[in-house]
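Shown here: upload.cif, mmCIF, C-alpha atoms and all ligand atoms.
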data_model
#
loop_
_atom_site.label_atom_id
_atom_site.label_comp_id
_atom_site.auth_asym_id
_atom_site.auth_seq_id
_atom_site.Cartn_x
_atom_site.Cartn_y
_atom_site.Cartn_z
CA MET A 1 0.00 0.00 0.00
CA THR A 2 1.41 3.33 -0.90
CA ARG A 3 0.32 6.34 1.17
CA GLY A 4 1.75 8.98 -1.05
CA SER A 5 4.88 9.70 -2.92
CA ALA A 6 7.38 12.41 -2.36
CA VAL A 7 10.34 13.89 -4.17
CA ILE A 8 12.85 15.36 -1.72
CA LYS A 9 15.32 17.80 -3.27
CA ILE A 10 18.30 19.06 -1.32
CA GLY A 11 20.38 21.98 -2.53
CA THR A 12 24.12 22.45 -2.80
CA SER A 13 24.34 24.86 0.14
CA SER A 14 22.80 22.17 2.35
CA VAL A 15 24.59 19.13 0.94
CA THR A 16 28.06 20.67 1.25
CA ASN A 17 29.92 22.40 4.07
CA GLU A 18 31.88 25.65 4.15
CA VAL A 19 34.91 24.09 2.45
CA GLY A 20 32.80 22.41 -0.22
CA GLY A 21 33.02 18.87 1.06
CA VAL A 22 29.92 16.72 1.49
CA ASP A 23 28.21 17.54 4.79
CA TYR A 24 27.62 13.99 5.87
CA ASP A 25 25.54 14.84 8.96
CA VAL A 26 22.91 16.56 6.82
CA LEU A 27 22.71 13.51 4.56
CA VAL A 28 22.30 11.22 7.55
CA ASN A 29 19.38 13.32 8.83
CA VAL A 30 17.66 13.33 5.47
CA ALA A 31 18.25 9.61 4.93
CA ALA A 32 16.76 8.69 8.32
CA ASP A 33 13.57 10.60 7.53
CA VAL A 34 13.33 9.23 4.00
CA VAL A 35 13.63 5.64 5.22
CA ALA A 36 11.04 6.26 7.94
CA LEU A 37 8.66 7.57 5.28
CA ARG A 38 9.35 4.63 3.02
CA ASP A 39 8.71 2.22 5.89
CA ASP A 40 5.45 4.03 6.44
CA GLY A 41 4.35 3.14 2.91
CA TRP A 42 5.52 6.18 0.95
CA THR A 43 7.45 6.09 -2.30
CA VAL A 44 10.35 8.53 -2.03
CA VAL A 45 12.83 9.82 -4.60
CA VAL A 46 15.76 12.04 -3.58
CA VAL A 47 17.10 14.74 -5.90
CA THR A 48 20.54 15.88 -4.82
CA SER A 49 22.73 18.78 -5.84
CA GLY A 50 26.32 19.34 -4.79
CA ALA A 51 28.35 17.38 -7.33
CA ILE A 52 30.16 20.38 -8.77
CA THR A 53 30.94 21.88 -5.37
CA ALA A 54 32.09 18.56 -3.89
CA GLY A 55 34.10 17.80 -7.02
CA TRP A 56 35.91 21.14 -6.90
CA ALA A 57 36.70 20.70 -3.20
CA ASP A 58 38.40 17.48 -4.21
CA VAL A 59 40.22 18.49 -7.35
CA GLY A 60 40.48 22.27 -7.18
CA GLY A 61 43.33 22.47 -4.67
CA GLY A 62 41.85 25.56 -3.04
CA ARG A 63 41.76 27.56 -6.27
CA ARG A 64 38.78 29.74 -7.23
CA ARG A 65 35.91 27.76 -8.69
CA PRO A 66 36.06 27.77 -12.50
CA THR A 67 33.22 29.27 -14.50
CA ASP A 68 33.54 27.70 -17.93
CA ALA A 69 31.01 25.02 -18.72
CA ALA A 70 33.42 22.32 -19.92
CA THR A 71 35.47 22.45 -16.71
CA LEU A 72 32.39 22.53 -14.50
CA GLN A 73 31.02 19.49 -16.31
CA ALA A 74 34.29 17.68 -15.76
CA VAL A 75 34.32 18.72 -12.11
CA SER A 76 30.81 17.36 -11.70
CA ALA A 77 32.09 14.01 -12.97
CA VAL A 78 34.56 14.05 -10.06
CA GLY A 79 31.88 15.03 -7.57
CA GLN A 80 29.07 12.64 -8.53
CA PRO A 81 30.76 9.51 -7.12
CA LEU A 82 31.84 11.40 -3.97
CA LEU A 83 28.27 12.46 -3.46
CA MET A 84 26.90 9.00 -4.15
CA HIS A 85 29.41 7.42 -1.83
CA ALA A 86 28.20 9.69 0.97
CA TRP A 87 24.52 9.07 0.18
CA ARG A 88 25.12 5.36 0.04
CA ASN A 89 26.74 5.37 3.47
CA ALA A 90 24.09 7.65 4.95
CA PHE A 91 21.29 5.43 3.68
CA GLN A 92 23.10 2.31 4.77
CA GLU A 93 23.12 3.70 8.32
CA ALA A 94 19.36 4.17 7.98
CA GLY A 95 18.89 0.68 6.56
CA ALA A 96 18.30 1.28 2.87
CA THR A 97 20.04 0.77 -0.45
CA VAL A 98 20.35 3.57 -3.00
CA GLY A 99 20.53 3.66 -6.78
CA GLN A 100 21.81 6.53 -8.92
CA VAL A 101 19.79 8.01 -11.76
CA LEU A 102 21.34 10.85 -13.75
CA LEU A 103 18.94 12.71 -16.01
CA ALA A 104 19.39 15.37 -18.68
CA PRO A 105 16.76 17.67 -20.22
CA LEU A 106 16.56 15.54 -23.35
CA ASP A 107 15.34 12.66 -21.22
CA PHE A 108 12.26 14.75 -20.49
CA SER A 109 11.76 16.12 -24.00
CA HIS A 110 11.49 12.81 -25.77
CA ARG A 111 8.25 11.22 -24.69
CA GLY A 112 9.67 7.70 -25.16
CA GLN A 113 12.74 8.46 -23.07
CA TYR A 114 10.53 10.14 -20.47
CA LEU A 115 8.39 7.03 -20.06
CA HIS A 116 11.53 4.92 -19.93
CA ALA A 117 12.97 6.98 -17.06
CA ARG A 118 9.65 6.63 -15.26
CA GLY A 119 9.83 2.85 -15.68
CA THR A 120 13.29 2.76 -14.12
CA LEU A 121 12.25 4.88 -11.14
CA GLU A 122 9.22 2.65 -10.61
CA ALA A 123 11.34 -0.49 -10.80
CA LEU A 124 13.74 0.95 -8.21
CA ALA A 125 10.80 1.66 -5.89
CA ASP A 126 9.55 -1.89 -6.40
CA LEU A 127 12.98 -3.10 -5.29
CA HIS A 128 12.70 -0.84 -2.20
CA VAL A 129 15.75 1.02 -3.42
CA ILE A 130 15.84 4.79 -2.89
CA ALA A 131 16.61 6.55 -6.16
CA ILE A 132 19.12 9.40 -5.89
CA VAL A 133 18.68 11.69 -8.89
CA ASN A 134 20.93 14.45 -10.16
CA GLU A 135 21.41 16.17 -13.46
CA ASN A 136 23.78 14.35 -15.76
CA ASP A 137 26.00 17.45 -15.81
CA ALA A 138 28.90 15.72 -17.54
CA VAL A 139 27.01 15.21 -20.78
CA ALA A 140 24.16 17.74 -20.62
CA ASP A 141 24.44 20.31 -23.38
CA GLU A 142 25.51 23.70 -22.08
CA GLU A 143 22.66 25.48 -23.85
CA ILE A 144 19.91 23.25 -22.58
CA ARG A 145 21.12 22.20 -19.15
CA PHE A 146 18.62 22.47 -16.33
CA GLY A 147 21.38 24.25 -14.41
CA ASP A 148 19.45 24.16 -11.19
CA ASN A 149 17.93 21.11 -9.63
CA ASP A 150 14.74 22.84 -8.51
CA ARG A 151 13.31 22.52 -11.99
CA LEU A 152 14.66 19.01 -12.32
CA ALA A 153 12.98 18.03 -9.04
CA ALA A 154 9.63 19.43 -10.21
CA LEU A 155 9.91 17.47 -13.45
CA VAL A 156 10.78 14.32 -11.52
CA ALA A 157 7.75 14.90 -9.27
CA ASN A 158 5.58 15.08 -12.36
CA LEU A 159 7.34 12.08 -13.87
CA VAL A 160 6.66 9.80 -10.92
CA GLY A 161 3.21 11.24 -10.19
CA ALA A 162 4.33 12.43 -6.75
CA THR A 163 1.87 13.88 -4.25
CA HIS A 164 4.52 16.02 -2.56
CA LEU A 165 7.69 17.88 -3.51
CA VAL A 166 10.00 19.10 -0.74
CA LEU A 167 12.75 21.61 -1.59
CA LEU A 168 15.22 21.60 1.30
CA THR A 169 17.41 24.66 1.40
CA ASP A 170 19.32 27.12 3.57
CA THR A 171 16.30 29.27 4.48
CA ASP A 172 13.13 28.47 6.41
CA GLY A 173 11.00 28.97 3.32
CA LEU A 174 9.62 31.99 1.49
CA LEU A 175 9.92 35.10 3.65
CA THR A 176 8.10 38.42 3.45
CA ALA A 177 11.44 40.18 2.88
CA ASP A 178 15.16 39.50 2.70
CA PRO A 179 16.07 38.88 6.38
CA ARG A 180 19.57 40.30 5.86
CA LEU A 181 18.02 43.63 4.93
CA ASP A 182 14.85 43.56 6.98
CA PRO A 183 14.89 42.03 10.47
CA THR A 184 11.10 42.00 10.62
CA ALA A 185 10.89 39.47 7.76
CA THR A 186 8.53 36.63 8.57
CA LEU A 187 7.84 33.24 7.04
CA ILE A 188 4.92 32.83 4.64
CA GLU A 189 3.48 29.50 5.69
CA GLU A 190 0.94 28.86 2.98
CA VAL A 191 0.51 29.90 -0.61
CA SER A 192 -2.59 28.93 -2.52
CA ALA A 193 -1.78 30.73 -5.78
CA ILE A 194 1.58 31.87 -7.11
CA ASP A 195 0.72 35.37 -8.27
CA ALA A 196 2.74 38.46 -9.08
CA THR A 197 3.06 39.48 -5.40
CA ILE A 198 4.57 36.15 -4.48
CA GLU A 199 6.91 36.26 -7.45
CA GLU A 200 8.07 39.69 -6.44
CA LEU A 201 8.82 38.48 -2.92
CA ALA A 202 11.01 35.75 -4.28
CA GLY A 203 12.92 38.43 -6.16
CA ARG A 204 16.22 37.37 -7.52
CA SER A 205 17.74 35.92 -4.39
CA ARG A 206 20.61 33.51 -4.79
CA SER A 207 22.52 31.60 -2.22
CA GLY A 208 26.31 31.47 -2.34
CA VAL A 209 27.07 28.12 -3.91
CA GLY A 210 23.86 26.70 -5.35
CA SER A 211 22.51 27.88 -8.64
CA GLY A 212 18.85 27.97 -7.66
CA GLY A 213 17.72 30.79 -5.39
CA MET A 214 14.17 31.58 -4.45
CA SER A 215 12.88 32.45 -7.89
CA SER A 216 13.93 29.10 -9.29
CA LYS A 217 12.21 27.41 -6.33
CA LEU A 218 9.08 29.36 -7.09
CA ALA A 219 9.20 28.32 -10.74
CA ALA A 220 9.52 24.72 -9.57
CA ALA A 221 6.62 25.16 -7.14
CA ARG A 222 4.49 26.60 -9.94
CA MET A 223 5.29 23.69 -12.21
CA ALA A 224 4.65 21.14 -9.48
CA THR A 225 1.42 22.62 -8.12
CA TRP A 226 0.01 22.81 -11.65
CA SER A 227 0.76 19.10 -11.91
CA GLY A 228 -1.17 18.50 -8.68
CA VAL A 229 1.90 18.21 -6.44
CA THR A 230 1.87 19.96 -3.06
CA THR A 231 5.22 21.72 -2.70
CA VAL A 232 7.10 22.71 0.46
CA ILE A 233 10.19 24.91 0.68
CA ALA A 234 11.85 24.22 4.02
CA ALA A 235 15.10 24.28 5.97
CA ALA A 236 17.56 21.41 5.50
CA ARG A 237 19.75 21.90 8.58
CA VAL A 238 17.21 21.05 11.25
CA ALA A 239 16.32 17.89 13.14
CA HIS A 240 14.07 15.68 10.99
CA PRO A 241 14.01 18.03 8.00
CA VAL A 242 11.74 15.90 5.81
CA LYS A 243 9.28 14.91 8.50
CA ARG A 244 9.06 18.49 9.65
CA ALA A 245 8.44 19.82 6.13
CA LEU A 246 5.75 17.26 5.36
CA GLY A 247 4.14 17.67 8.79
CA ALA A 248 3.30 21.25 7.77
CA GLY A 249 3.22 22.39 11.40
CA PRO A 250 3.72 26.07 12.26
CA GLY A 251 7.07 27.32 11.01
CA ALA A 252 7.76 24.11 9.11
CA GLY A 253 8.30 25.89 5.83
CA THR A 254 6.25 27.39 3.03
CA THR A 255 3.60 25.07 1.66
CA PHE A 256 2.27 25.69 -1.85
CA HIS A 257 -1.03 23.92 -2.22
CA ALA A 258 -1.55 21.73 -5.25
CA ARG A 259 -4.11 23.05 -7.68
CA THR A 260 -7.34 21.16 -7.69
CA ASP A 261 -7.69 21.61 -11.46
CA ARG A 262 -4.41 19.80 -12.01
CA LEU A 263 -3.12 19.42 -15.54
CA PRO A 264 -3.27 15.87 -16.84
CA ALA A 265 0.22 14.30 -16.88
CA ARG A 266 0.68 14.63 -20.63
CA LYS A 267 -0.37 18.29 -20.63
CA ALA A 268 2.00 18.98 -17.74
CA TRP A 269 4.69 17.33 -19.81
CA ILE A 270 3.91 19.63 -22.75
CA ALA A 271 3.77 22.70 -20.52
CA PHE A 272 6.96 22.15 -18.56
CA ALA A 273 9.14 19.33 -19.80
CA VAL A 274 9.41 19.83 -23.53
CA ALA A 275 11.70 22.57 -24.80
CA SER A 276 10.03 25.04 -27.10
CA ARG A 277 11.35 25.16 -30.68
CA GLY A 278 9.57 28.25 -31.90
CA THR A 279 6.84 30.82 -31.47
CA LEU A 280 3.48 31.34 -33.10
CA GLU A 281 1.92 34.77 -32.89
CA ILE A 282 -1.86 34.74 -33.07
CA ASN A 283 -4.57 37.35 -33.48
CA GLN A 284 -7.19 38.51 -31.02
CA GLY A 285 -9.88 36.21 -32.38
CA ALA A 286 -7.71 33.11 -32.08
CA MET A 287 -6.67 34.14 -28.58
CA GLN A 288 -10.35 34.32 -27.61
CA ALA A 289 -11.06 30.95 -29.21
CA LEU A 290 -8.22 29.32 -27.27
CA GLU A 291 -8.62 31.01 -23.91
CA HIS A 292 -12.39 31.20 -23.68
CA HIS A 293 -13.78 28.46 -25.88
CA GLY A 294 -11.19 25.68 -25.57
CA ARG A 295 -10.67 25.48 -29.33
CA SER A 296 -7.78 24.25 -31.41
CA LEU A 297 -5.49 26.81 -33.05
CA LEU A 298 -6.23 27.18 -36.75
CA ARG A 299 -3.84 28.57 -39.34
CA VAL A 300 -6.10 31.55 -40.08
CA GLY A 301 -5.48 32.79 -36.54
CA VAL A 302 -1.69 32.79 -36.90
CA VAL A 303 -0.23 36.15 -37.92
CA GLY A 304 3.44 35.20 -37.73
CA TYR A 305 5.87 32.52 -36.62
CA ASP A 306 9.53 31.97 -36.06
CA GLY A 307 11.87 29.15 -35.14
CA GLY A 308 12.88 26.03 -37.00
CA PHE A 309 10.16 23.79 -35.58
CA VAL A 310 9.05 20.61 -37.28
CA GLU A 311 5.82 18.67 -36.93
CA GLY A 312 5.41 17.42 -33.35
CA ASP A 313 7.70 20.04 -31.77
CA ALA A 314 6.56 22.25 -28.92
CA VAL A 315 6.01 25.92 -29.63
CA GLU A 316 5.02 28.90 -27.53
CA ILE A 317 1.92 30.80 -28.55
CA VAL A 318 1.87 34.55 -28.03
CA GLY A 319 -1.05 36.92 -28.38
CA PRO A 320 -1.16 40.48 -29.78
CA ASP A 321 0.28 41.67 -26.45
CA ARG A 322 3.36 39.45 -27.08
CA GLU A 323 2.74 37.61 -23.80
CA VAL A 324 3.01 33.82 -23.90
CA LEU A 325 -0.51 32.49 -23.39
CA ALA A 326 -0.14 28.84 -24.33
CA LYS A 327 2.22 26.11 -25.36
CA GLY A 328 1.46 23.23 -27.64
CA LEU A 329 2.70 20.62 -30.06
CA VAL A 330 2.56 21.95 -33.58
CA ARG A 331 1.17 19.87 -36.45
CA VAL A 332 3.04 21.59 -39.25
CA SER A 333 6.70 22.37 -39.86
CA ALA A 334 7.93 25.93 -40.14
CA ASP A 335 9.18 25.33 -43.67
CA SER A 336 5.82 24.12 -44.95
CA PHE A 337 3.62 26.26 -42.75
CA ALA A 338 1.43 27.49 -45.59
CA ASP A 339 0.47 24.09 -46.99
CA GLY A 340 -0.07 21.79 -44.01
CA ASP A 341 -3.20 20.87 -42.06
CA ASP A 342 -5.62 23.70 -41.17
CA VAL A 343 -5.33 22.77 -37.52
CA VAL A 344 -1.95 24.09 -36.46
CA VAL A 345 -2.13 23.03 -32.80
CA HIS A 346 -4.89 20.66 -31.78
CA ARG A 347 -6.67 21.39 -28.50
CA ASP A 348 -5.54 18.00 -27.12
CA ASP A 349 -1.92 19.12 -27.59
CA LEU A 350 -2.44 22.61 -26.21
CA VAL A 351 -1.94 23.96 -22.68
CA LEU A 352 -3.15 27.38 -21.61
CA LEU A 353 -0.57 29.05 -19.40
CA ARG A 354 -2.47 32.07 -18.12
CA ARG A 355 -4.66 30.20 -15.71
CA PRO A 356 -5.94 32.35 -12.87
N1 LIG A 401 23.79 19.29 -10.86
C1 LIG A 401 24.42 20.29 -10.03
C2 LIG A 401 25.40 19.64 -9.07
O1 LIG A 401 25.20 18.52 -8.66
C3 LIG A 401 23.40 20.97 -9.16
C4 LIG A 401 22.87 22.22 -9.69
C5 LIG A 401 22.13 23.01 -8.57
O2 LIG A 401 20.97 22.72 -8.30
O3 LIG A 401 22.77 23.85 -7.96
O4 LIG A 401 26.36 20.29 -8.73
#

Would you mind writing the structure in this file as structure tokens?
Amino acid sequence: MTRGSAVIKIGTSSVTNEVGGVDYDVLVNVAADVVALRDDGWTVVVVTSGAITAGWADVGGGRRRPTDAATLQAVSAVGQPLLMHAWRNAFQEAGATVGQVLLAPLDFSHRGQYLHARGTLEALADLHVIAIVNENDAVADEEIRFGDNDRLAALVANLVGATHLVLLTDTDGLLTADPRLDPTATLIEEVSAIDATIEELAGRSRSGVGSGGMSSKLAAARMATWSGVTTVIAAARVAHPVKRALGAGPGAGTTFHARTDRLPARKAWIAFAVASRGTLEINQGAMQALEHHGRSLLRVGVVGYDGGFVEGDAVEIVGPDREVLAKGLVRVSADSFADGDDVVVHRDDLVLLRRP
């Protein structure tokens, strides 16, 4: 019997210590909670960051961290086994075996590959093995890397049909202001809709070593809650970090409630997982037909397009105001746009992105 399923993501600033090595005590705390959850009937997947930082601590000899992509990718290759070694030991202490799954954006873009990754994660759960996921930094293309694991964790939550996503980090959650600048900043405990005010609060904060920051966590929370996944941003360096975050008691973190009108899995995949290969600009009438009448996009409504998309690719759809209002899989290629099917994006392949 499964009671729920959770993806637990832990950021670089929490996985590593001040000299960049793996902070084993944090891993032990997380592992103990994850195993307790699993023993309680939950399916749990861990998404870890920290490979680049741990790798540089090992191979960098105290020099400044490099910034070029090729070196960082190589450094990640050094760090991944260090990180896995630590996770393996931490989980062994808690009584569980781990398996490593490294994913790149392309694994999410190709529907076949996506379903394949899902199959592997399910098989690991069937074996009672805890999957430890990270981005496959060493081979991910510089242009299309996830870069931060918040987005990756949200995609994994969607992939495995999780009920909960926990983003463990170096703050207590989303605060009303930056506590370094405003001592009266308080924790926002619950968010039912991610609107402009909330996005503004998240600002452009970044922590020292991770690449995420609050705005990338918010983007992940948006993605996850649209897919029906309740999302919690919470502190990693506390006793029982996972239990505390999922317990949702006072001060436990910021909980973003899952939307009740969740997107079906395939639509969530179109909206968030597939990279867009072009843009279609549509007129007012077509915008109305899409947003208010649930229609397909017809060629007559398209006033312009760009990008080298081919049939089946994802494209963004912008209205006369140039704001992206939808994303969908296009039925015609850019180079034969004038002579293809009249239906350019079928309603079944279309996701509206300006949902209130
Ligand atoms: N894949 C990166 C690493 O393991 C993590 C990126 C991030 O979320 O900061 O170093």

Quick one: which chain A residues come within 7 Å of ligand LIG 401 (chain A), and what is the nearest atom pair for each with the distance in Å to one decimal, counting only C-alpha atoms and all ligand atoms, rows ordered by chain and ascending number, as a Markdown table?
| residue | atom | partner | partner_atom | distance |
| --- | --- | --- | --- | --- |
| A:Gly11 | CA | A:LIG401 | O2 | 5.8 |
| A:Thr12 | CA | A:LIG401 | O3 | 5.5 |
| A:Thr48 | CA | A:LIG401 | O1 | 6.6 |
| A:Ser49 | CA | A:LIG401 | O1 | 3.8 |
| A:Gly50 | CA | A:LIG401 | O4 | 4.1 |
| A:Ala51 | CA | A:LIG401 | O1 | 3.6 |
| A:Ile52 | CA | A:LIG401 | O4 | 3.8 |
| A:Thr53 | CA | A:LIG401 | O4 | 5.9 |
| A:Ser76 | CA | A:LIG401 | O4 | 6.1 |
| A:Asn134 | CA | A:LIG401 | N1 | 5.7 |
| A:Glu135 | CA | A:LIG401 | N1 | 4.7 |
| A:Asn136 | CA | A:LIG401 | N1 | 7.0 |
| A:Asp137 | CA | A:LIG401 | N1 | 5.7 |
| A:Gly147 | CA | A:LIG401 | C4 | 5.3 |
| A:Asp148 | CA | A:LIG401 | O2 | 3.6 |
| A:Asn149 | CA | A:LIG401 | O2 | 3.7 |
| A:Asp150 | CA | A:LIG401 | O2 | 6.2 |
| A:Gly210 | CA | A:LIG401 | O3 | 4.0 |
| A:Ser211 | CA | A:LIG401 | O3 | 4.1 |
| A:Gly212 | CA | A:LIG401 | O3 | 5.7 |

Counting all atoms listed in the file, the residue of A:Leu167, A:Leu218, A:Val318, A:Ala74 that sits nearest Ala235 (chain A): A:Leu167

Gap from CA of Glu311 (chain A) to CA of Arg331 (chain A) - Å, one decimal: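 Atom-to-atom, CA of Glu311 (chain A) to CA of Arg331 (chain A), that is 4.8 Å.
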
Given only C-alpha atoms as the counted atoms, nearest of A:Asn283, A:Gly99, A:Ala131, A:Gly60 to Val75 (chain A):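 Smallest distance to Val75 (chain A) is found for A:Gly60.
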
How close does each residue of region 122-219 of chain A get to region 341-355 of chain A, giving the shortest atom pair and distance in Å to one decimal for every residue with an atom at most 12 Å away, counting all atoms listed in the file, sorted by chain and residue number, as a tab-separated table?
residue	atom	partner	partner_atom	distance
A:Ala193	CA	A:Arg355	CA	10.4
A:Ile194	CA	A:Arg355	CA	10.8
A:Asp195	CA	A:Arg355	CA	10.5

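Distance annotation: of A:Asp40, A:Ala224, A:Ser192, A:Ile233, the residue with the minimal separation from Thr171 (chain A) is A:Ile233; atom set is only C-alpha atoms.
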
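With all atoms listed in the file taken into account, the protein and nucleic acid residues at most 8 Å from region 241-243 of chain A (excluding it and anything under 6 positions from it in its own chain) are Ile8, Asn29, Val30, Asp33, Val34, Val166, Leu168, Ala234 and Ala235 of chain A.
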
Closest of A:Asp126, A:Glu93, A:Asp23, A:Asp170 to Val35 (chain A) - atom-to-atom distances counting all atoms listed in the file: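 Once distances to Val35 (chain A) are computed over all atoms listed in the file, the minimum belongs to A:Glu93.
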